[in-house]
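All remarks here apply to the structure that follows.
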Amino acid sequence: MGYYYYYNDKHPEEASDLEILFELLSSVENEIVEFKAASNGFDFHKLGQYFSAISNEANLKNKRFGWLVFGVHDTTHAILGTNYKNNATALEKLKHDVAKETTGAISFMDILELHPVVDGQEHRVLMFKIPAAAIAIPTGWKNRYYGRDGESLVDLSQEKIDRIDETLREVSEGMEDYIKLAVCNG
């Protein structure tokens, strides 16, 4: 069955963010993009595990961020809508609550609340923009590191932890080369 997604004339400010959503919907779930129906709620601990996993995987893929999207069926990518944290105060509190449990107190870069029209009906979709793990510091959730194996949520493997740790050495070597070049040309 085909779905027809439309921009919502009542929310013209969402047009560029909806383009991001439609682009994500046209691809498959992967290590840095996860869709969840989350119709009325979603387990906070599970959300934190996904935060950690997507953050770590974004670092490993040299991306600045990844996405956790609520209100979308995870296999069909049909827009279903969500009532999760259905007000601005609850979403701001969520940012704070996530930061209390993550390594370095990081939280979402942004939470986009969108209202696409599907087959004539408006639906609410939340897009959580998750920052990549910091250089050489895996993102933990409640002192445990998570990753992805394809679409699955798993403990972050030692090999992946080592690769994240390795990013500091790569940045340091890059800076040494830059400094040497600057000195030679300076």
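Residues in the structure tokens are numbered from 1 in each chain, the chains being A, B, ... in the order shown, and ligands are numbered from 1 in the order shown.
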Who sits within 6 Å of range 59-65 of chain A, only C-alpha atoms, same chain under 5 positions skipped, as a ChimeraX atom specification: /A:130-133
Quick one: residues within 7 Å of Phe70 in chain A, only C-alpha atoms counted, chain neighbours fewer than 6 positions away excluded, as a ChimeraX atom specification? /A:35-38,82,125-127
Give me, as a list in words, the residues of range 22-106 of chain A that a backbone DSSP run labels strand (DSSP E). Val33, Glu34, Phe35, Lys36, Phe65, Gly66, Trp67, Leu68, Val69 and Phe70 of chain A
Can you spit out the residues from that selection as a CSV table (one decimal), in the first residue's frame, using all heavy atoms?
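Result file part_4.csv:
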chain,number,residue,atom,x,y,z
A,33,VAL,N,20.1,5.8,12.0
A,33,VAL,CA,18.7,6.2,11.8
A,33,VAL,C,17.8,5.1,12.3
A,33,VAL,O,17.9,3.9,11.9
A,33,VAL,CB,18.4,6.5,10.3
A,33,VAL,CG1,16.9,6.8,10.1
A,33,VAL,CG2,19.2,7.6,9.7
A,34,GLU,N,16.9,5.5,13.2
A,34,GLU,CA,16.0,4.5,13.8
A,34,GLU,C,14.6,5.1,13.9
A,34,GLU,O,14.4,6.2,14.3
A,34,GLU,CB,16.4,4.1,15.3
A,34,GLU,CG,15.5,3.2,16.0
A,34,GLU,CD,15.5,1.8,15.5
A,34,GLU,OE1,16.5,1.3,14.9
A,34,GLU,OE2,14.5,1.1,15.6
A,35,PHE,N,13.6,4.3,13.4
A,35,PHE,CA,12.2,4.7,13.4
A,35,PHE,C,11.5,3.9,14.5
A,35,PHE,O,11.7,2.7,14.7
A,35,PHE,CB,11.5,4.4,12.1
A,35,PHE,CG,12.2,5.1,10.9
A,35,PHE,CD1,12.9,4.5,10.0
A,35,PHE,CD2,11.9,6.5,10.8
A,35,PHE,CE1,13.5,5.2,8.9
A,35,PHE,CE2,12.5,7.2,9.7
A,35,PHE,CZ,13.3,6.5,8.8
A,36,LYS,N,10.6,4.5,15.2
A,36,LYS,CA,9.8,3.9,16.2
A,36,LYS,C,8.4,4.5,16.2
A,36,LYS,O,8.2,5.7,16.0
A,36,LYS,CB,10.3,4.1,17.7
A,36,LYS,CG,11.6,3.4,17.9
A,36,LYS,CD,11.4,1.9,17.9
A,36,LYS,CE,12.7,1.2,18.1
A,36,LYS,NZ,12.6,-0.3,17.8
A,65,PHE,N,25.9,13.7,13.4
A,65,PHE,CA,24.7,13.3,14.2
A,65,PHE,C,24.0,12.1,13.5
A,65,PHE,O,24.3,11.7,12.4
A,65,PHE,CB,23.8,14.5,14.3
A,65,PHE,CG,23.4,15.1,13.0
A,65,PHE,CD1,22.3,14.6,12.2
A,65,PHE,CD2,24.1,16.2,12.5
A,65,PHE,CE1,22.0,15.2,11.0
A,65,PHE,CE2,23.8,16.8,11.3
A,65,PHE,CZ,22.7,16.3,10.5
A,66,GLY,N,23.0,11.6,14.2
A,66,GLY,CA,22.1,10.6,13.7
A,66,GLY,C,20.7,11.0,14.2
A,66,GLY,O,20.4,12.0,14.9
A,67,TRP,N,19.7,10.1,13.8
A,67,TRP,CA,18.3,10.4,14.1
A,67,TRP,C,17.6,9.3,14.8
A,67,TRP,O,17.7,8.1,14.4
A,67,TRP,CB,17.6,10.7,12.8
A,67,TRP,CG,18.0,11.9,12.1
A,67,TRP,CD1,18.9,12.0,11.0
A,67,TRP,CD2,17.7,13.3,12.4
A,67,TRP,NE1,19.1,13.3,10.6
A,67,TRP,CE2,18.3,14.1,11.4
A,67,TRP,CE3,16.8,13.9,13.3
A,67,TRP,CZ2,18.2,15.5,11.4
A,67,TRP,CZ3,16.7,15.2,13.3
A,67,TRP,CH2,17.4,16.0,12.4
A,68,LEU,N,16.7,9.6,15.7
A,68,LEU,CA,15.7,8.7,16.3
A,68,LEU,C,14.4,9.4,16.0
A,68,LEU,O,14.2,10.5,16.4
A,68,LEU,CB,15.9,8.5,17.8
A,68,LEU,CG,14.9,7.7,18.5
A,68,LEU,CD1,14.9,6.2,18.0
A,68,LEU,CD2,15.2,7.7,20.0
A,69,VAL,N,13.5,8.7,15.3
A,69,VAL,CA,12.3,9.3,14.8
A,69,VAL,C,11.1,8.5,15.4
A,69,VAL,O,11.0,7.3,15.2
A,69,VAL,CB,12.2,9.2,13.2
A,69,VAL,CG1,11.0,9.9,12.7
A,69,VAL,CG2,13.5,9.9,12.6
A,70,PHE,N,10.2,9.3,16.1
A,70,PHE,CA,9.0,8.7,16.7
A,70,PHE,C,7.8,9.1,15.8
A,70,PHE,O,7.7,10.2,15.3
A,70,PHE,CB,8.8,9.2,18.1
A,70,PHE,CG,9.7,8.6,19.1
A,70,PHE,CD1,10.6,7.7,18.9
A,70,PHE,CD2,9.5,9.0,20.5
A,70,PHE,CE1,11.4,7.1,19.9
A,70,PHE,CE2,10.3,8.4,21.5
A,70,PHE,CZ,11.2,7.5,21.2
Measuring atom to atom with only C-alpha atoms, identify which of A:Thr89, A:Asn56, A:Gln121, A:Asn83 is nearest to Thr102 in chain A.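 Closest to Thr102 in chain A of all the choices is A:Asn56.
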I want to know what sits within 10 Å of Tyr50 in chain A, based on only C-alpha atoms, with residues of the same chain fewer than 2 positions away left out; could you give that as a ChimeraX atom specification? /A:31-34,44-48,52-56,67-68,130,141,146-148,152-154
For a quick check of understanding, using only C-alpha atoms, which of A:Asp97, A:Asp119, A:Glu57, A:Glu29 has the smallest distance to His73 in chain A?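 The closest residue to His73 in chain A is A:Glu29.
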For Phe108 in chain A, work out the shell of residues within 9 Å, counting only C-alpha atoms and skipping chain neighbours fewer than 4 positions away, then give it as a ChimeraX atom specification. /A:51,95,98-99,128-131
File dump, residues just selected, N, CA, C and O atoms, as a compact mmCIF listing (two decimals), in the first residue's frame:
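And here is the file that came out, selection_14.txt:
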# COMPACT_ATOMS: atom_id res chain seq x y z
N PHE A 51 19.95 6.46 22.20
CA PHE A 51 20.76 7.68 22.18
C PHE A 51 22.24 7.31 22.16
O PHE A 51 23.00 7.80 21.31
N LYS A 95 15.17 16.50 27.43
CA LYS A 95 16.57 16.85 27.13
C LYS A 95 17.40 16.83 28.42
O LYS A 95 18.50 16.28 28.45
N VAL A 98 17.78 13.21 29.86
CA VAL A 98 18.76 12.43 29.09
C VAL A 98 20.18 12.85 29.48
O VAL A 98 21.05 12.00 29.72
N ALA A 99 20.41 14.14 29.57
CA ALA A 99 21.75 14.64 29.92
C ALA A 99 22.22 14.13 31.28
O ALA A 99 23.41 13.91 31.48
N PHE A 128 14.44 13.25 16.82
CA PHE A 128 15.48 13.54 17.80
C PHE A 128 16.83 13.54 17.08
O PHE A 128 17.27 12.51 16.57
N LYS A 129 17.49 14.69 17.07
CA LYS A 129 18.80 14.82 16.44
C LYS A 129 19.86 14.53 17.50
O LYS A 129 20.00 15.29 18.47
N ILE A 130 20.58 13.43 17.33
CA ILE A 130 21.51 12.93 18.33
C ILE A 130 22.95 13.22 17.90
O ILE A 130 23.37 12.80 16.82
N PRO A 131 23.73 13.93 18.72
CA PRO A 131 25.10 14.26 18.33
C PRO A 131 26.01 13.03 18.34
O PRO A 131 25.81 12.10 19.12
Using only C-alpha atoms, which of the listed residues (A:Ile111, A:His77, A:Asp165, A:Phe42) sits closest to Lys93 in chain A? A:Ile111
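Closest approach to Leu25 in chain A among A:Ala58, A:Leu112, A:Val72, A:Ile161 is made by A:Val72 (distances from only C-alpha atoms).
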Write down as a ChimeraX atom specification the residues of range 23-165 of chain A whose backbone DSSP state falls under alpha helix (DSSP H). /A:23-25,44-60,88-101,158-165
Could you check how far CA of Lys142 in chain A sits from CA of Ala88 in chain A, in Å to one decimal? 25.1 Å
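Here CA of Gly71 in chain A stands at a distance of 8.0 Å from CA of His123 in chain A.
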